>>> print(open('entry02.cif').read())   # mmCIF, C-alpha atoms and all ligand atoms
data_data
#
loop_
_atom_site.label_atom_id
_atom_site.label_comp_id
_atom_site.auth_asym_id
_atom_site.auth_seq_id
_atom_site.Cartn_x
_atom_site.Cartn_y
_atom_site.Cartn_z
CA MET A 1 -22.17 -2.30 19.60
CA GLY A 2 -21.04 -3.00 16.05
CA LEU A 3 -21.09 -6.43 14.48
CA LEU A 4 -17.94 -8.33 15.36
CA LEU A 5 -15.85 -9.11 12.26
CA ASP A 6 -14.83 -12.63 13.21
CA GLY A 7 -11.44 -13.18 11.60
CA LYS A 8 -11.15 -16.69 13.02
CA LYS A 9 -14.39 -17.75 11.37
CA ILE A 10 -13.38 -16.32 7.97
CA ALA A 11 -9.90 -17.82 8.29
CA ASN A 12 -11.49 -21.23 8.97
CA GLU A 13 -13.66 -20.82 5.86
CA ILE A 14 -10.56 -20.04 3.77
CA GLN A 15 -8.68 -22.98 5.32
CA SER A 16 -11.52 -25.33 4.34
CA GLU A 17 -11.44 -24.03 0.75
CA VAL A 18 -7.67 -24.51 0.56
CA ALA A 19 -7.91 -27.99 2.16
CA GLN A 20 -10.51 -28.95 -0.44
CA ARG A 21 -8.16 -27.91 -3.26
CA VAL A 22 -5.32 -29.91 -1.67
CA GLY A 23 -7.67 -32.92 -1.45
CA GLU A 24 -8.29 -32.62 -5.22
CA LEU A 25 -4.54 -32.54 -5.88
CA ILE A 26 -4.03 -35.67 -3.78
CA ASN A 27 -6.90 -37.45 -5.56
CA ASN A 28 -5.21 -36.61 -8.87
CA ASN A 29 -1.87 -38.00 -7.63
CA LYS A 30 -0.25 -34.55 -7.71
CA ARG A 31 2.25 -33.34 -5.15
CA VAL A 32 0.91 -30.85 -2.58
CA PRO A 33 2.07 -27.21 -2.12
CA HIS A 34 5.22 -26.81 -0.04
CA LEU A 35 5.93 -23.74 2.13
CA ALA A 36 9.29 -23.06 3.80
CA ILE A 37 9.71 -20.69 6.75
CA ILE A 38 12.96 -19.07 7.85
CA LEU A 39 12.96 -18.24 11.56
CA ILE A 40 15.89 -16.46 13.19
CA GLY A 41 16.52 -16.07 16.93
CA GLU A 42 14.40 -16.56 20.02
CA ASP A 43 11.75 -13.82 19.82
CA GLY A 44 8.67 -15.26 21.57
CA ALA A 45 6.11 -13.54 19.33
CA SER A 46 7.89 -14.72 16.15
CA HIS A 47 7.99 -18.31 17.42
CA SER A 48 4.30 -18.16 18.23
CA TYR A 49 3.41 -16.72 14.76
CA VAL A 50 5.53 -19.38 13.04
CA ASN A 51 3.85 -22.14 15.10
CA GLY A 52 0.47 -20.78 13.97
CA LYS A 53 1.62 -20.82 10.34
CA MET A 54 2.91 -24.41 10.56
CA LYS A 55 -0.30 -25.53 12.28
CA ALA A 56 -2.35 -23.99 9.45
CA CYS A 57 -0.17 -25.73 6.81
CA LYS A 58 -0.71 -29.04 8.57
CA ALA A 59 -4.47 -28.45 8.80
CA VAL A 60 -4.84 -27.88 5.04
CA GLY A 61 -2.45 -30.66 4.02
CA PHE A 62 0.49 -28.53 2.79
CA GLU A 63 4.02 -29.75 3.19
CA TYR A 64 6.09 -27.33 5.26
CA THR A 65 9.71 -26.96 6.25
CA LEU A 66 11.09 -24.85 9.08
CA LEU A 67 14.64 -23.51 8.71
CA GLN A 68 15.66 -22.22 12.11
CA PHE A 69 18.84 -20.22 12.75
CA ALA A 70 20.57 -18.64 15.74
CA THR A 71 20.49 -14.83 16.08
CA THR A 72 24.21 -14.83 15.20
CA ILE A 73 23.66 -15.99 11.59
CA THR A 74 25.44 -13.62 9.19
CA GLU A 75 23.69 -11.83 6.32
CA LYS A 76 25.96 -13.70 3.92
CA LYS A 77 24.86 -17.11 5.25
CA LEU A 78 21.22 -16.07 5.17
CA PHE A 79 21.65 -14.91 1.54
CA LYS A 80 22.88 -18.44 0.70
CA HIS A 81 19.85 -20.10 2.30
CA ILE A 82 17.51 -17.76 0.45
CA GLU A 83 19.25 -18.53 -2.83
CA GLN A 84 18.88 -22.27 -2.14
CA LEU A 85 15.16 -21.85 -1.52
CA ASN A 86 14.85 -19.77 -4.72
CA GLN A 87 16.46 -22.62 -6.68
CA ASP A 88 14.70 -25.53 -4.94
CA ASP A 89 12.06 -26.83 -7.32
CA ASP A 90 10.29 -28.63 -4.49
CA ILE A 91 9.53 -25.36 -2.64
CA ASP A 92 6.59 -23.32 -3.96
CA GLY A 93 6.86 -20.42 -1.56
CA PHE A 94 8.81 -19.23 1.46
CA ILE A 95 8.82 -16.47 4.04
CA VAL A 96 11.45 -14.90 6.26
CA GLN A 97 9.74 -14.24 9.59
CA LEU A 98 10.18 -10.62 10.73
CA PRO A 99 11.56 -8.88 12.72
CA LEU A 100 15.17 -9.73 11.89
CA PRO A 101 18.14 -9.30 14.26
CA LYS A 102 19.63 -5.78 14.11
CA HIS A 103 22.70 -6.79 12.06
CA ILE A 104 20.51 -8.13 9.24
CA SER A 105 18.82 -5.55 7.05
CA VAL A 106 15.32 -6.29 5.84
CA GLU A 107 16.10 -4.01 2.85
CA HIS A 108 18.93 -6.38 1.87
CA ILE A 109 16.93 -9.56 2.41
CA ILE A 110 13.55 -8.95 0.77
CA PRO A 111 14.88 -8.12 -2.74
CA LEU A 112 16.73 -11.46 -2.77
CA ILE A 113 13.51 -13.45 -2.55
CA ASP A 114 12.27 -14.72 -5.92
CA SER A 115 8.99 -12.82 -6.35
CA LYS A 116 7.32 -16.01 -7.62
CA LYS A 117 7.98 -17.60 -4.20
CA ASP A 118 7.40 -14.44 -2.13
CA VAL A 119 4.19 -15.61 -0.43
CA ASP A 120 4.31 -12.77 2.13
CA GLY A 121 3.98 -10.40 -0.85
CA PHE A 122 6.84 -8.15 0.30
CA THR A 123 8.93 -7.79 -2.89
CA ASN A 124 8.63 -4.72 -5.13
CA HIS A 125 7.25 -6.87 -7.93
CA ASN A 126 4.35 -8.18 -5.85
CA PHE A 127 3.78 -4.85 -4.08
CA GLY A 128 3.61 -3.09 -7.46
CA SER A 129 1.19 -5.68 -8.83
CA ILE A 130 -1.51 -4.26 -6.52
CA VAL A 131 -1.99 -1.50 -9.08
CA SER A 132 -1.94 -3.79 -12.11
CA ASP A 133 -4.92 -5.58 -13.61
CA GLN A 134 -3.21 -8.88 -12.74
CA PRO A 135 -2.38 -8.82 -9.04
CA LEU A 136 0.28 -11.41 -8.15
CA LEU A 137 1.11 -12.48 -4.59
CA LEU A 138 -0.50 -9.72 -2.53
CA PRO A 139 0.93 -8.55 0.82
CA ALA A 140 -0.57 -11.02 3.29
CA THR A 141 -2.05 -8.80 6.03
CA PRO A 142 -3.81 -6.27 3.75
CA PHE A 143 -4.96 -9.18 1.55
CA GLY A 144 -6.52 -10.72 4.69
CA VAL A 145 -8.28 -7.44 5.54
CA MET A 146 -9.73 -7.30 2.01
CA GLU A 147 -11.06 -10.87 2.38
CA LEU A 148 -12.65 -9.94 5.71
CA LEU A 149 -14.38 -6.87 4.24
CA LYS A 150 -15.54 -8.83 1.16
CA ARG A 151 -16.87 -11.83 3.02
CA TYR A 152 -18.81 -9.66 5.49
CA GLN A 153 -20.07 -7.64 2.49
CA VAL A 154 -18.94 -4.35 4.02
CA THR A 155 -19.66 -1.57 1.52
CA THR A 156 -16.41 0.10 0.50
CA LYS A 157 -17.15 1.70 -2.89
CA GLY A 158 -17.05 5.49 -2.57
CA LYS A 159 -16.54 5.31 1.21
CA HIS A 160 -13.87 7.35 2.95
CA CYS A 161 -11.23 4.98 4.31
CA VAL A 162 -8.65 6.41 6.72
CA ILE A 163 -5.56 4.29 7.31
CA VAL A 164 -3.38 5.03 10.32
CA GLY A 165 0.14 3.62 9.84
CA ALA A 166 2.04 3.69 6.56
CA SER A 167 4.46 0.77 6.82
CA ARG A 168 5.64 -1.09 3.77
CA ILE A 169 4.07 -4.29 5.16
CA VAL A 170 0.62 -3.12 6.20
CA GLY A 171 -0.44 0.54 5.84
CA ALA A 172 1.05 1.40 2.43
CA PRO A 173 -0.18 -1.70 0.52
CA MET A 174 -3.51 -1.47 2.38
CA SER A 175 -4.02 2.05 1.03
CA LEU A 176 -3.43 0.91 -2.56
CA MET A 177 -5.78 -2.06 -2.21
CA MET A 178 -8.51 0.14 -0.78
CA VAL A 179 -8.22 2.40 -3.83
CA GLU A 180 -7.71 -0.27 -6.50
CA GLN A 181 -9.89 -3.13 -5.30
CA ALA A 182 -12.32 -1.55 -2.85
CA GLN A 183 -12.83 1.71 -4.81
CA ALA A 184 -12.71 3.75 -1.62
CA THR A 185 -11.41 7.29 -1.17
CA VAL A 186 -8.29 6.95 0.96
CA THR A 187 -6.46 9.11 3.48
CA ILE A 188 -3.23 7.69 4.90
CA CYS A 189 -1.82 8.94 8.23
CA HIS A 190 1.57 8.34 9.82
CA LYS A 191 3.60 9.56 12.74
CA PHE A 192 4.07 13.07 11.28
CA THR A 193 0.35 13.55 10.56
CA GLN A 194 -0.91 16.66 12.33
CA ASP A 195 -4.16 16.41 14.28
CA LEU A 196 -4.76 12.69 13.72
CA ALA A 197 -8.27 12.91 15.24
CA LYS A 198 -9.35 15.43 12.58
CA HIS A 199 -8.72 12.73 9.96
CA THR A 200 -10.01 9.68 11.88
CA ARG A 201 -13.30 11.45 12.69
CA ASN A 202 -14.00 11.65 8.95
CA ALA A 203 -13.55 7.91 8.40
CA ASP A 204 -16.35 5.65 7.24
CA ILE A 205 -13.79 2.84 7.44
CA LEU A 206 -10.87 3.21 9.85
CA ILE A 207 -7.92 0.81 9.49
CA VAL A 208 -5.29 1.14 12.20
CA ALA A 209 -1.84 -0.51 11.97
CA VAL A 210 0.58 1.24 14.32
CA GLY A 211 1.37 -0.90 17.38
CA LYS A 212 0.32 1.64 20.02
CA PRO A 213 -2.43 0.33 22.33
CA GLY A 214 -5.15 2.88 23.05
CA LEU A 215 -4.10 5.21 20.18
CA ILE A 216 -7.68 5.41 18.85
CA THR A 217 -10.18 6.59 21.47
CA ALA A 218 -13.96 7.06 21.30
CA ASP A 219 -13.71 10.82 20.67
CA MET A 220 -11.67 10.10 17.50
CA VAL A 221 -14.37 8.22 15.57
CA LYS A 222 -17.80 8.99 14.19
CA SER A 223 -20.89 6.92 14.82
CA GLY A 224 -21.34 3.98 12.43
CA VAL A 225 -17.65 3.67 11.56
CA VAL A 226 -16.18 0.32 10.42
CA ILE A 227 -13.08 -0.43 12.51
CA ILE A 228 -10.26 -2.72 11.40
CA ASP A 229 -7.63 -2.97 14.14
CA VAL A 230 -4.41 -4.53 12.83
CA GLY A 231 -2.31 -3.54 15.86
CA THR A 232 -0.98 -6.40 17.95
CA THR A 233 1.05 -5.55 21.05
CA ARG A 234 1.98 -7.92 23.87
CA ILE A 235 1.09 -6.40 27.26
CA PRO A 236 2.54 -8.09 30.38
CA ASP A 237 -0.34 -9.65 32.34
CA ALA A 238 0.35 -11.83 35.38
CA THR A 239 -3.22 -13.19 35.34
CA LYS A 240 -2.55 -14.95 32.01
CA LYS A 241 -0.82 -18.32 31.77
CA SER A 242 1.38 -16.94 28.99
CA GLY A 243 2.27 -13.87 31.12
CA PHE A 244 0.86 -11.44 28.53
CA ARG A 245 -2.28 -10.42 26.69
CA LEU A 246 -2.61 -9.02 23.17
CA SER A 247 -3.84 -5.50 22.62
CA GLY A 248 -4.88 -3.70 19.45
CA ASP A 249 -4.46 0.03 18.76
CA VAL A 250 -8.14 0.83 19.35
CA ASP A 251 -9.79 1.30 22.75
CA PHE A 252 -12.21 -1.55 21.97
CA GLU A 253 -14.59 -1.17 24.93
CA LYS A 254 -15.32 2.51 24.28
CA VAL A 255 -15.15 2.47 20.47
CA ALA A 256 -17.15 -0.73 19.77
CA PRO A 257 -20.52 0.80 20.83
CA LEU A 258 -20.06 3.56 18.21
CA SER A 259 -19.07 1.24 15.37
CA SER A 260 -21.14 -0.62 12.77
CA PHE A 261 -18.48 -3.36 12.37
CA ILE A 262 -15.34 -3.94 14.42
CA THR A 263 -12.50 -6.50 14.58
CA PRO A 264 -11.49 -7.90 17.96
CA VAL A 265 -7.85 -8.36 19.00
CA PRO A 266 -7.04 -11.23 19.13
CA GLY A 267 -9.28 -13.10 16.70
CA GLY A 268 -9.62 -10.34 14.07
CA VAL A 269 -6.95 -9.64 11.47
CA GLY A 270 -4.30 -12.04 12.86
CA PRO A 271 -5.87 -15.33 11.69
CA LEU A 272 -6.48 -13.79 8.25
CA THR A 273 -2.80 -13.01 7.74
CA ILE A 274 -2.17 -16.75 8.08
CA ALA A 275 -5.10 -17.58 5.79
CA SER A 276 -3.64 -15.20 3.15
CA LEU A 277 -0.32 -16.98 3.41
CA LEU A 278 -2.09 -20.25 2.56
CA LEU A 279 -3.89 -18.64 -0.40
CA ASN A 280 -0.64 -17.11 -1.67
CA THR A 281 1.19 -20.45 -1.33
CA LEU A 282 -1.54 -22.19 -3.30
CA LYS A 283 -1.37 -19.46 -5.96
CA ALA A 284 2.44 -19.74 -6.14
CA TYR A 285 2.09 -23.54 -6.49
CA GLU A 286 -0.45 -23.18 -9.30
CA ARG A 287 1.69 -20.64 -11.18
CA HIS A 288 4.70 -22.90 -10.68
CA HIS A 289 2.82 -25.74 -12.38
CA ASP A 290 1.28 -23.69 -15.19
P1 LIG A 301 5.69 -0.45 11.74
O1 LIG A 301 6.55 -0.87 10.62
O2 LIG A 301 6.31 -0.04 13.04
O3 LIG A 301 4.80 0.76 11.21
C1 LIG A 301 4.00 1.52 12.06
C2 LIG A 301 3.41 2.67 11.28
O4 LIG A 301 2.69 3.50 12.20
C3 LIG A 301 4.45 3.58 10.64
O5 LIG A 301 3.95 3.97 9.37
C4 LIG A 301 4.52 4.80 11.57
O6 LIG A 301 4.77 6.02 10.93
C5 LIG A 301 3.11 4.85 12.07
N1 LIG A 301 2.99 5.54 13.35
C6 LIG A 301 3.79 5.47 14.44
N2 LIG A 301 3.30 6.23 15.44
C7 LIG A 301 2.17 6.81 14.96
C8 LIG A 301 1.24 7.72 15.50
N3 LIG A 301 1.33 8.15 16.75
N4 LIG A 301 0.20 8.11 14.73
C9 LIG A 301 0.07 7.67 13.47
N5 LIG A 301 0.92 6.79 12.89
C10 LIG A 301 1.96 6.38 13.63
O7 LIG A 301 4.64 -1.58 12.11
P2 LIG A 301 3.84 -2.63 11.16
O8 LIG A 301 4.72 -3.75 10.80
O9 LIG A 301 3.10 -1.91 10.10
O10 LIG A 301 2.79 -3.16 12.22
C11 LIG A 301 1.85 -2.29 12.83
C12 LIG A 301 1.08 -3.06 13.89
O11 LIG A 301 0.36 -4.10 13.25
C13 LIG A 301 1.95 -3.75 14.94
O12 LIG A 301 1.24 -3.76 16.18
C14 LIG A 301 2.09 -5.16 14.43
O13 LIG A 301 2.33 -6.11 15.46
C15 LIG A 301 0.72 -5.36 13.82
N6 LIG A 301 0.68 -6.36 12.76
C16 LIG A 301 -0.28 -7.31 12.88
C17 LIG A 301 -0.40 -8.26 11.91
C18 LIG A 301 -1.48 -9.26 12.05
O14 LIG A 301 -1.46 -10.26 11.34
N7 LIG A 301 -2.46 -9.02 12.92
C19 LIG A 301 0.46 -8.27 10.82
C20 LIG A 301 1.42 -7.27 10.69
C21 LIG A 301 1.51 -6.31 11.68
P3 LIG A 301 6.15 6.33 10.13
O15 LIG A 301 5.97 5.60 8.81
O16 LIG A 301 6.17 7.78 9.95
O17 LIG A 301 7.22 5.77 10.99
#
>>> encode(input="entry02.cif", output="structure tokens", more="lines below")
Ligand code: NAP
Amino acid sequence: MGLLLDGKKIANEIQSEVAQRVGELINNNKRVPHLAIILIGEDGASHSYVNGKMKACKAVGFEYTLLQFATTITEKKLFKHIEQLNQDDDIDGFIVQLPLPKHISVEHIIPLIDSKKDVDGFTNHNFGSIVSDQPLLLPATPFGVMELLKRYQVTTKGKHCVIVGASRIVGAPMSLMMVEQAQATVTICHKFTQDLAKHTRNADILIVAVGKPGLITADMVKSGVVIIDVGTTRIPDATKKSGFRLSGDVDFEKVAPLSSFITPVPGGVGPLTIASLLLNTLKAYERHHD
């Protein structure tokens, strides 16, 4: 069984570092960083992620504001709220929790966010900065994965990293970070990739971000592989108080014995996405004050 990459533990470490910085600001009579969150509709998973984000803000001493809207909000109204947040000098960073209702296009919304306040790291400006020598606000989930690999001192230089999933939010920025920051050799797979197993079997580091439980089975990995499972799918489960359990994309029980390091789901990448949001908000605050 590989060593468990404990995302909760690393996220707690990052939270303590951020809380310490906030303590210094308070001691110097400075205002603290302020994050705003736009939440639309009643999606249970989104509410639970937003609660986690607000809890983390509270724990580190950030100010936070929740702007909650009904699913029926129009794009035009949402544009106005985003513009207000862009202009509000008291707000250092904000996020629009995804997914959005069908009538609101994420392609219309993201470009409206001022890149200096884009603490999810979704705008073109921040995405593009991955390949510059001055990275700005990095996409939160891949940023969290990089912190996890760094803090567990997983060797990445020259290793073959295979990424399954090529979304704009996770897989695509992850691939650039693994090249630019981790100096790995990268293969990126998506839903049109032929013979996925042929690629995954070559991975020294396998990062999976698809949203299909059980996609990666034991016969698809080589011995000693490092597994980062970003997938998070709610599976109905009557034995749980919540009525569901979370599942990653990797068949954990069968794959873990073959791995050298592996993330659990839950408790792996999820807490680090929130920790990255805190780091990005602090960075946005510091740039705002420079
Ligand atoms: P997404 O936008 O739906 O992207 C999924 C990606 O997987 C796409 O690139 C898609 O290919 C690819 N794909 C679909 N079926 C595939 C297959 N059979 N083989 C290989 N690739 C396939 O999802 P996302 O936003 O990236 O999220 C992915 C997963 O990560 C979800 O479970 C999500 O809940 C989770 N997630 C977790 C966190 C966290 O903090 N833990 C954060 C973000 C996301 P195409 O590009 O060709 O469509």
>>> closest_atom_pairs(input="entry02.cif", of="segment 163-240 of chain A", to="segment 32-48 of chain A", cutoff="12 Å", atoms="all atoms listed in the file", output="tab-separated table")
residue	atom	partner	partner_atom	distance
A:Thr232	CA	A:Ala45	CA	10.2
A:Thr233	CA	A:Ala45	CA	9.6
A:Arg234	CA	A:Ala45	CA	8.3
A:Ile235	CA	A:Ala45	CA	11.8
>>> residues_near_point(input="entry02.cif", point="(-3.3, 11.2, 5.7)", cutoff="8 Å", atoms="all atoms listed in the file", output="PyMOL selection string")
chain A and resi 162-164+187-190+193+199
>>> residues_around(input="entry02.cif", residues="Lys55 of chain A", least_positions_apart="5", cutoff="12 Å", atoms="all atoms listed in the file", output="number ranges by chain")
A: 15, 48-50, 60-66, 271, 274-275, 278
>>> residues_near_ligand(input="entry02.cif", ligand="ligand LIG 301 (chain A)", cutoff="7 Å", atoms="only C-alpha atoms and all ligand atoms", output="PyMOL selection string")
chain A and resi 141+164-171+189-193+196+209-212+230-233+248+269-273
>>> closest_residue(input="entry02.cif", among="A:Asp114, A:Glu75, A:Glu83, A:Asp88", to="Lys102 of chain A", atoms="only C-alpha atoms")
A:Glu75
>>> atom_distance(input="entry02.cif", atom1="atom CA of Asn12 of chain A", atom2="atom CA of Gln153 of chain A")
17.3 Å
>>> closest_residue(input="entry02.cif", among="A:Asn126, A:Gln68, A:Asn202, A:Ser115", to="His81 of chain A", atoms="only C-alpha atoms")
A:Gln68
>>> closest_residue(input="entry02.cif", among="A:Phe252, A:Leu25, A:Glu17, A:Asn280", to="Ile95 of chain A", atoms="all atoms listed in the file")
A:Asn280
>>> atom_distance(input="entry02.cif", atom1="atom CA of Leu3 of chain A", atom2="atom CA of Arg245 of chain A")
22.8 Å
>>> build_atoms(input="entry02.cif", residues="segment 62-78 of chain A", atoms="N, CA and C atoms", output="CSV table (one decimal), in the frame of the given file")
chain,number,residue,atom,x,y,z
A,62,PHE,N,-0.7,-29.0,3.5
A,62,PHE,CA,0.5,-28.5,2.8
A,62,PHE,C,1.7,-29.2,3.4
A,63,GLU,N,2.7,-29.4,2.6
A,63,GLU,CA,4.0,-29.8,3.2
A,63,GLU,C,4.7,-28.5,3.7
A,64,TYR,N,5.4,-28.5,4.8
A,64,TYR,CA,6.1,-27.3,5.3
A,64,TYR,C,7.4,-27.7,5.8
A,65,THR,N,8.4,-26.7,5.7
A,65,THR,CA,9.7,-27.0,6.2
A,65,THR,C,10.1,-25.7,7.0
A,66,LEU,N,10.6,-26.0,8.3
A,66,LEU,CA,11.1,-24.8,9.1
A,66,LEU,C,12.6,-24.8,9.0
A,67,LEU,N,13.2,-23.7,8.7
A,67,LEU,CA,14.6,-23.5,8.7
A,67,LEU,C,14.9,-22.5,9.8
A,68,GLN,N,15.5,-23.0,10.9
A,68,GLN,CA,15.7,-22.2,12.1
A,68,GLN,C,17.1,-21.9,12.3
A,69,PHE,N,17.4,-20.6,12.6
A,69,PHE,CA,18.8,-20.2,12.8
A,69,PHE,C,19.0,-19.4,14.0
A,70,ALA,N,20.3,-19.4,14.5
A,70,ALA,CA,20.6,-18.6,15.7
A,70,ALA,C,20.6,-17.2,15.3
A,71,THR,N,20.5,-16.3,16.3
A,71,THR,CA,20.5,-14.8,16.1
A,71,THR,C,21.8,-14.4,15.4
A,72,THR,N,22.9,-15.2,15.7
A,72,THR,CA,24.2,-14.8,15.2
A,72,THR,C,24.4,-15.1,13.7
A,73,ILE,N,23.5,-15.7,13.0
A,73,ILE,CA,23.7,-16.0,11.6
A,73,ILE,C,24.1,-14.7,10.9
A,74,THR,N,25.0,-14.8,9.9
A,74,THR,CA,25.4,-13.6,9.2
A,74,THR,C,24.5,-13.4,8.0
A,75,GLU,N,24.5,-12.1,7.5
A,75,GLU,CA,23.7,-11.8,6.3
A,75,GLU,C,24.1,-12.7,5.2
A,76,LYS,N,25.4,-12.9,5.0
A,76,LYS,CA,26.0,-13.7,3.9
A,76,LYS,C,25.4,-15.1,3.9
A,77,LYS,N,25.4,-15.7,5.1
A,77,LYS,CA,24.9,-17.1,5.2
A,77,LYS,C,23.4,-17.1,4.9
A,78,LEU,N,22.7,-16.1,5.4
A,78,LEU,CA,21.2,-16.1,5.2
A,78,LEU,C,21.0,-15.9,3.7
